[in-house]
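To keep things clear, I will list the structure first and then write my remarks on it.
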Amino acid sequence: MKSFAISVEPIDVAACARRLADDRAGALVTFEGWVRNHNDGQQVGSLEYEAYAPLAESEGERILAEARVRFALGGAVAVHRTGHLKIGELAVWVGVTAEHRAAAFDACRYIIDEAKARLPIWKKEHYASGATAWINCATRGEHAGGSAT
Amino acid sequence: MKSFAISVEPIDVAACARRLADDRAGALVTFEGWVRNHNDGQQVGSLEYEAYAPLAESEGERILAEARVRFALGGAVAVHRTGHLKIGELAVWVGVTAEHRAAAFDACRYIIDEAKARLPIWKKEHYASGATAWINCATRGEHAGGSAT
Amino acid sequence: MTRVNVQYFAILREQRGLTSETLETNAPTVSGLYEELRARHGFTLPGNRVRAAVNDAFVPQSHVLREGDRVVFIPPVAGG
Amino acid sequence: MTRVNVQYFAILREQRGLTSETLETNAPTVSGLYEELRARHGFTLPGNRVRAAVNDAFVPQSHVLREGDRVVFIPPVAGG
């Protein structure tokens, strides 16, 4: 199974964490990105995620490989959801194990920061008013594949 | 239910995470401390945790309150296990939600760093050889309640 | 003329009204192709805000198109 | 004489061989009580490596004992 996956199905957090079980590891740090009910002062009703899946997966694997080189890790797994998500739903999960917690915290943060900046995944906010907007498409933001450092 | 708890029962991670559900939160960062099969070059067979529970719980609540003051948090929950744990078992769980992930990462790390330095919880390693040792009791380490900064 | 397949995502998919098409172009590079399509379909994103991938790998704007390439223009990502 | 209850944890519990006891002491402070118990029971931890709690709250070494206090001596914690 791939370490980085795009998933159209709800993310199974327990199954993801089980893949990281490791008797040598003392620390597991996880990040969950949830759909928030607001953004930039607007009420958000739901969120649509669209991915260019083949490139998102290869770039995601590249990010995990970079984290393994930079930090003293055990394992690293990440899954990004696509589709139309409700408030409170899980959009992205990252889990990292290490002997010591500092490396696990640093690596988990590195992975999610790079993923948000580099993966070709877009989100469209649906507002209470009925309006919608692709986030950053017409305004600000990094390009996919751009460096976040 | 208390935000910080000492538990003689196995920690129910899913139940802990459910307590943090929050439509305004965009990020959940969790830390799990697992019993490692080695420490300082020695093979570890199991680990015993002993807590001075009333003070550990009040000091734990104080740490969570400090984190809420320092960082822009949604919720924060932590549980520390006591008793005789096997390799791979979950010894401590910390979960923090926030609107934005930076605060969640910073707060989760603050809580576990302070917890390790300040809570009156001791661990005794049981080695493959049959020997045992209370960690730090007779050697190095911070005092409970000491500042970790 | 070079025949290429173009896939669209997010705002470009909506502005084009389809997810992919196969077309012939005289544009030698991916940036030239984007400008051609932008003029034809009224894409709102300027070329310098769009990255490109060919055959599922990122490429520079100066990448030269070859017969049969699968081209994707990548709008800015959601980030934060 | 002040009557206090003393609870022991971890290495102190093992060296004392029990988890709590009620005793009378002439020591005016918690640090004095620790030195008294250390001499009697052969605790290996010096007083400056042990913190104290009275009635489930941390106290300084100079804390003055009162009748009925519950005293806990706290060995260094596991840390990392």
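Labels used: A, B, ... for chains in the order of the structure tokens, numbers from 1 for residues in each chain, and numbers from 1 for ligands as shown.
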Neighbour list for stretch 3-18 of chain A as a PyMOL selection string, cut-off 9 Å, only C-alpha atoms, skip fewer than 4 positions in-chain: (chain A and resi 28+30+51+53-54+56-61+64+75-83+89-95) or (chain B and resi 14)
Find the residues around A:Arg68 up to 12 Å (only C-alpha atoms counted), leave out those fewer than 2 positions away in its own chain, and share them as a PDB file with N, CA and C atoms, in the first residue's frame.
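For reference, selection03.pdb as written:
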```
ATOM      1  N   SER A   3       2.287   4.975   0.797  1.00  0.00           N
ATOM      2  CA  SER A   3       2.389   5.768   2.024  1.00  0.00           C
ATOM      3  C   SER A   3       1.556   7.035   1.920  1.00  0.00           C
ATOM      4  N   GLU A  61       4.246  11.346  -2.163  1.00  0.00           N
ATOM      5  CA  GLU A  61       5.306  10.374  -1.825  1.00  0.00           C
ATOM      6  C   GLU A  61       6.662  11.078  -1.727  1.00  0.00           C
ATOM      7  N   ARG A  62       6.876  12.058  -2.617  1.00  0.00           N
ATOM      8  CA  ARG A  62       8.144  12.801  -2.590  1.00  0.00           C
ATOM      9  C   ARG A  62       8.277  13.563  -1.259  1.00  0.00           C
ATOM     10  N   ILE A  63       7.191  14.162  -0.804  1.00  0.00           N
ATOM     11  CA  ILE A  63       7.221  14.900   0.471  1.00  0.00           C
ATOM     12  C   ILE A  63       7.537  13.945   1.633  1.00  0.00           C
ATOM     13  N   LEU A  64       6.902  12.775   1.643  1.00  0.00           N
ATOM     14  CA  LEU A  64       7.172  11.801   2.718  1.00  0.00           C
ATOM     15  C   LEU A  64       8.639  11.346   2.665  1.00  0.00           C
ATOM     16  N   ALA A  65       9.171  11.158   1.460  1.00  0.00           N
ATOM     17  CA  ALA A  65      10.572  10.744   1.334  1.00  0.00           C
ATOM     18  C   ALA A  65      11.507  11.841   1.845  1.00  0.00           C
ATOM     19  N   GLU A  66      11.165  13.087   1.550  1.00  0.00           N
ATOM     20  CA  GLU A  66      11.968  14.205   2.064  1.00  0.00           C
ATOM     21  C   GLU A  66      11.961  14.210   3.594  1.00  0.00           C
ATOM     22  N   ARG A  70      15.109  14.067   6.237  1.00  0.00           N
ATOM     23  CA  ARG A  70      15.400  15.187   7.137  1.00  0.00           C
ATOM     24  C   ARG A  70      15.309  14.836   8.611  1.00  0.00           C
ATOM     25  N   PHE A  71      14.434  13.903   8.958  1.00  0.00           N
ATOM     26  CA  PHE A  71      14.150  13.635  10.372  1.00  0.00           C
ATOM     27  C   PHE A  71      14.376  12.157  10.679  1.00  0.00           C
ATOM     28  N   ALA A  72      14.654  11.852  11.952  1.00  0.00           N
ATOM     29  CA  ALA A  72      14.894  10.456  12.362  1.00  0.00           C
ATOM     30  C   ALA A  72      13.552   9.772  12.602  1.00  0.00           C
ATOM     31  N   LEU A  73      12.941   9.287  11.498  1.00  0.00           N
ATOM     32  CA  LEU A  73      11.585   8.750  11.575  1.00  0.00           C
ATOM     33  C   LEU A  73      11.555   7.239  11.647  1.00  0.00           C
ATOM     34  N   GLY A  74      10.430   6.733  12.176  1.00  0.00           N
ATOM     35  CA  GLY A  74      10.067   5.343  11.988  1.00  0.00           C
ATOM     36  C   GLY A  74       9.263   5.260  10.697  1.00  0.00           C
ATOM     37  N   GLY A  75       7.984   5.582  10.755  1.00  0.00           N
ATOM     38  CA  GLY A  75       7.145   5.549   9.567  1.00  0.00           C
ATOM     39  C   GLY A  75       6.428   6.872   9.360  1.00  0.00           C
ATOM     40  N   ALA A  76       5.876   7.036   8.160  1.00  0.00           N
ATOM     41  CA  ALA A  76       5.088   8.228   7.837  1.00  0.00           C
ATOM     42  C   ALA A  76       4.016   7.826   6.831  1.00  0.00           C
ATOM     43  N   VAL A  77       2.775   8.197   7.128  1.00  0.00           N
ATOM     44  CA  VAL A  77       1.632   7.865   6.276  1.00  0.00           C
ATOM     45  C   VAL A  77       0.761   9.113   6.159  1.00  0.00           C
ATOM     46  N   VAL A  96       3.008  10.253  11.876  1.00  0.00           N
ATOM     47  CA  VAL A  96       4.454  10.043  11.840  1.00  0.00           C
ATOM     48  C   VAL A  96       4.904   9.402  13.145  1.00  0.00           C
ATOM     49  N   THR A  97       5.707   8.342  13.051  1.00  0.00           N
ATOM     50  CA  THR A  97       6.287   7.755  14.257  1.00  0.00           C
ATOM     51  C   THR A  97       7.795   8.001  14.284  1.00  0.00           C
ATOM     52  N   ALA A  98       8.334   8.014  15.516  1.00  0.00           N
ATOM     53  CA  ALA A  98       9.777   8.189  15.687  1.00  0.00           C
ATOM     54  C   ALA A  98      10.146   7.640  17.050  1.00  0.00           C
ATOM     55  N   ALA A 103      11.396  14.637  16.743  1.00  0.00           N
ATOM     56  CA  ALA A 103      11.449  14.312  15.309  1.00  0.00           C
ATOM     57  C   ALA A 103      10.046  14.075  14.763  1.00  0.00           C
ATOM     58  N   ALA A 104       9.183  13.439  15.549  1.00  0.00           N
ATOM     59  CA  ALA A 104       7.823  13.166  15.082  1.00  0.00           C
ATOM     60  C   ALA A 104       7.035  14.467  14.899  1.00  0.00           C
ATOM     61  N   ASP A 106       8.318  17.527  14.358  1.00  0.00           N
ATOM     62  CA  ASP A 106       8.901  18.297  13.254  1.00  0.00           C
ATOM     63  C   ASP A 106       8.507  17.713  11.905  1.00  0.00           C
ATOM     64  N   ALA A 107       8.546  16.387  11.807  1.00  0.00           N
ATOM     65  CA  ALA A 107       8.257  15.747  10.529  1.00  0.00           C
ATOM     66  C   ALA A 107       6.780  15.885  10.165  1.00  0.00           C
ATOM     67  N   CYS A 108       5.900  15.737  11.145  1.00  0.00           N
ATOM     68  CA  CYS A 108       4.464  15.845  10.863  1.00  0.00           C
ATOM     69  C   CYS A 108       4.139  17.245  10.345  1.00  0.00           C
ATOM     70  N   TYR A 110       6.264  19.356   8.919  1.00  0.00           N
ATOM     71  CA  TYR A 110       6.881  19.503   7.601  1.00  0.00           C
ATOM     72  C   TYR A 110       5.965  18.925   6.519  1.00  0.00           C
ATOM     73  N   ILE A 111       5.462  17.725   6.771  1.00  0.00           N
ATOM     74  CA  ILE A 111       4.649  17.038   5.765  1.00  0.00           C
ATOM     75  C   ILE A 111       3.369  17.810   5.461  1.00  0.00           C
TER      76      ILE A 111
END
```
Every residue of stretch 20-147 of chain B that DSSP places in helix (DSSP H, G or I), as a PyMOL selection string: chain B and resi 53-70+101-118
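Compared by their closest atoms to B:Leu85, and using only C-alpha atoms, the residues B:Ile135, B:Glu50, B:Ser129, B:Ile121 rank with B:Glu50 nearest.
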Long-range neighbours of B:His38 as number ranges by chain, 12 Å cut-off, only C-alpha atoms, 3 positions minimum in chain: A: 22-26, 99-100; B: 34-35, 41-47, 87-88, 125-128
Kindly save the residues from that selection, with N, CA and C atoms included, as an mmCIF file, in the first residue's frame.
```cif
data_model
loop_
_atom_site.group_PDB
_atom_site.id
_atom_site.type_symbol
_atom_site.label_atom_id
_atom_site.label_comp_id
_atom_site.auth_asym_id
_atom_site.auth_seq_id
_atom_site.Cartn_x
_atom_site.Cartn_y
_atom_site.Cartn_z
ATOM 1 N N ASP A 22 4.875 0.039 15.639
ATOM 2 C CA ASP A 22 6.314 -0.196 15.538
ATOM 3 C C ASP A 22 6.891 -0.259 16.959
ATOM 4 N N ASP A 23 7.421 -1.426 17.335
ATOM 5 C CA ASP A 23 7.921 -1.610 18.701
ATOM 6 C C ASP A 23 9.100 -0.699 19.042
ATOM 7 N N ARG A 24 9.785 -0.191 18.026
ATOM 8 C CA ARG A 24 10.933 0.685 18.300
ATOM 9 C C ARG A 24 10.510 2.136 18.492
ATOM 10 N N ALA A 25 9.246 2.445 18.136
ATOM 11 C CA ALA A 25 8.799 3.840 18.166
ATOM 12 C C ALA A 25 8.286 4.216 19.547
ATOM 13 N N GLY A 26 8.659 5.393 20.015
ATOM 14 C CA GLY A 26 8.155 5.898 21.287
ATOM 15 C C GLY A 26 7.116 6.982 21.109
ATOM 16 N N GLU A 99 11.432 7.406 17.247
ATOM 17 C CA GLU A 99 11.886 7.001 18.577
ATOM 18 C C GLU A 99 11.560 8.105 19.579
ATOM 19 N N HIS A 100 11.865 9.348 19.181
ATOM 20 C CA HIS A 100 11.699 10.477 20.094
ATOM 21 C C HIS A 100 10.713 11.494 19.520
ATOM 22 N N TRP B 34 4.250 5.801 23.169
ATOM 23 C CA TRP B 34 4.182 4.336 23.193
ATOM 24 C C TRP B 34 5.348 3.765 23.981
ATOM 25 N N VAL B 35 5.153 2.590 24.572
ATOM 26 C CA VAL B 35 6.246 1.895 25.260
ATOM 27 C C VAL B 35 7.197 1.335 24.193
ATOM 28 N N GLY B 41 20.130 2.143 24.942
ATOM 29 C CA GLY B 41 20.919 0.978 24.518
ATOM 30 C C GLY B 41 20.536 -0.334 25.179
ATOM 31 N N GLN B 42 19.531 -0.321 26.078
ATOM 32 C CA GLN B 42 19.114 -1.573 26.716
ATOM 33 C C GLN B 42 17.780 -2.054 26.139
ATOM 34 N N GLN B 43 17.628 -3.392 26.018
ATOM 35 C CA GLN B 43 16.361 -3.986 25.606
ATOM 36 C C GLN B 43 15.360 -3.867 26.748
ATOM 37 N N VAL B 44 14.218 -3.288 26.463
ATOM 38 C CA VAL B 44 13.180 -3.145 27.484
ATOM 39 C C VAL B 44 12.066 -4.152 27.189
ATOM 40 N N GLY B 45 11.614 -4.867 28.240
ATOM 41 C CA GLY B 45 10.581 -5.881 28.063
ATOM 42 C C GLY B 45 9.194 -5.367 28.410
ATOM 43 N N SER B 46 9.119 -4.444 29.350
ATOM 44 C CA SER B 46 7.842 -3.836 29.733
ATOM 45 C C SER B 46 8.149 -2.625 30.602
ATOM 46 N N LEU B 47 7.095 -1.867 30.915
ATOM 47 C CA LEU B 47 7.285 -0.609 31.621
ATOM 48 C C LEU B 47 6.154 -0.442 32.625
ATOM 49 N N ILE B 87 5.269 -3.651 25.592
ATOM 50 C CA ILE B 87 5.836 -2.943 24.433
ATOM 51 C C ILE B 87 4.720 -2.616 23.437
ATOM 52 N N GLY B 88 4.737 -1.398 22.946
ATOM 53 C CA GLY B 88 3.751 -0.974 21.950
ATOM 54 C C GLY B 88 2.481 -0.402 22.552
ATOM 55 N N GLU B 125 11.614 0.590 34.300
ATOM 56 C CA GLU B 125 11.854 -0.284 33.164
ATOM 57 C C GLU B 125 12.164 -1.691 33.646
ATOM 58 N N HIS B 126 11.556 -2.671 32.960
ATOM 59 C CA HIS B 126 11.848 -4.084 33.203
ATOM 60 C C HIS B 126 12.651 -4.572 32.008
ATOM 61 N N TYR B 127 13.864 -5.045 32.260
ATOM 62 C CA TYR B 127 14.757 -5.442 31.175
ATOM 63 C C TYR B 127 14.659 -6.935 30.908
ATOM 64 N N ALA B 128 15.140 -7.306 29.719
ATOM 65 C CA ALA B 128 15.151 -8.713 29.320
ATOM 66 C C ALA B 128 15.905 -9.554 30.354
#
```
Counting only C-alpha atoms, what are the residues of chain D within 8 Å of chain B, and for each of them which pair of atoms is the nearest and at what distance in Å, to one decimal? Sort the table by chain and rising number, as a tab-separated table.
```
residue	atom	partner	partner_atom	distance
D:Phe9	CA	B:Tyr52	CA	7.1
D:Ala10	CA	B:Trp122	CA	6.5
D:Ile11	CA	B:Trp134	CA	6.6
D:Thr44	CA	B:Ala138	CA	7.6
D:Leu45	CA	B:Ala138	CA	6.6
D:Arg49	CA	B:His143	CA	7.0
D:Val50	CA	B:His143	CA	7.1
D:Arg51	CA	B:His143	CA	6.8
D:Asp56	CA	B:Leu55	CA	5.3
D:Ala57	CA	B:Leu55	CA	6.4
D:Phe58	CA	B:Gly145	CA	7.6
D:Ile74	CA	B:Pro120	CA	6.9
D:Pro75	CA	B:Cys137	CA	5.9
D:Pro76	CA	B:His143	CA	4.3
D:Val77	CA	B:Trp122	CA	5.4
D:Ala78	CA	B:Trp122	CA	5.3
D:Gly79	CA	B:Lys116	CA	4.6
D:Gly80	CA	B:Lys116	CA	6.1
```
Neighbour list for stretch 63-72 of chain C as a VMD selection string, cut-off 7 Å, only C-alpha atoms, skip fewer than 6 positions in-chain: chain C and resid 2 to 8 28 to 30 52 to 55
Could you please take those selected residues and save C-alpha atoms as a PDB file, in the first residue's frame?
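Result file is part.pdb:
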```
ATOM      1  CA  THR C   2       1.008  18.724 -32.453  1.00  0.00           C
ATOM      2  CA  ARG C   3      -1.835  16.642 -31.065  1.00  0.00           C
ATOM      3  CA  VAL C   4      -2.107  16.743 -27.262  1.00  0.00           C
ATOM      4  CA  ASN C   5      -4.619  15.802 -24.590  1.00  0.00           C
ATOM      5  CA  VAL C   6      -5.472  18.546 -22.103  1.00  0.00           C
ATOM      6  CA  GLN C   7      -7.048  17.875 -18.692  1.00  0.00           C
ATOM      7  CA  TYR C   8      -8.752  20.588 -16.643  1.00  0.00           C
ATOM      8  CA  PRO C  28       5.622  24.978 -29.398  1.00  0.00           C
ATOM      9  CA  THR C  29       5.559  25.112 -25.560  1.00  0.00           C
ATOM     10  CA  VAL C  30       3.103  24.568 -22.718  1.00  0.00           C
ATOM     11  CA  ALA C  52       1.976  22.876 -15.948  1.00  0.00           C
ATOM     12  CA  ALA C  53       2.397  19.118 -15.842  1.00  0.00           C
ATOM     13  CA  VAL C  54       3.055  16.835 -18.789  1.00  0.00           C
ATOM     14  CA  ASN C  55       2.462  13.104 -18.493  1.00  0.00           C
TER      15      ASN C  55
END
```
Atom CA of A:Phe31 to atom CA of C:Phe73, distance in Å rounded to a single decimal: 29.4 Å
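Here atom CA of D:Gly17 and atom CA of D:Pro60 stand 25.7 Å from one another.
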Minimum-distance residue to chain A, chosen among B:His84, B:Arg109, B:Arg19, B:Lys2 (using only C-alpha atoms): B:Arg109
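Between atom CA of D:Ala27 and atom CA of D:Met1 the separation is 8.2 Å.
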Those of stretch 43-89 of chain A in DSSP strand (DSSP E or B), formatted as a PyMOL selection string: chain A and resi 43-51+73-81+83-86
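If you count only C-alpha atoms and ignore residues fewer than 3 places along the chain from C:Gly42, what sits within 9 Å of it is Gln15, Arg16, Leu37, Arg38, Ala39 and Leu45 of chain C.
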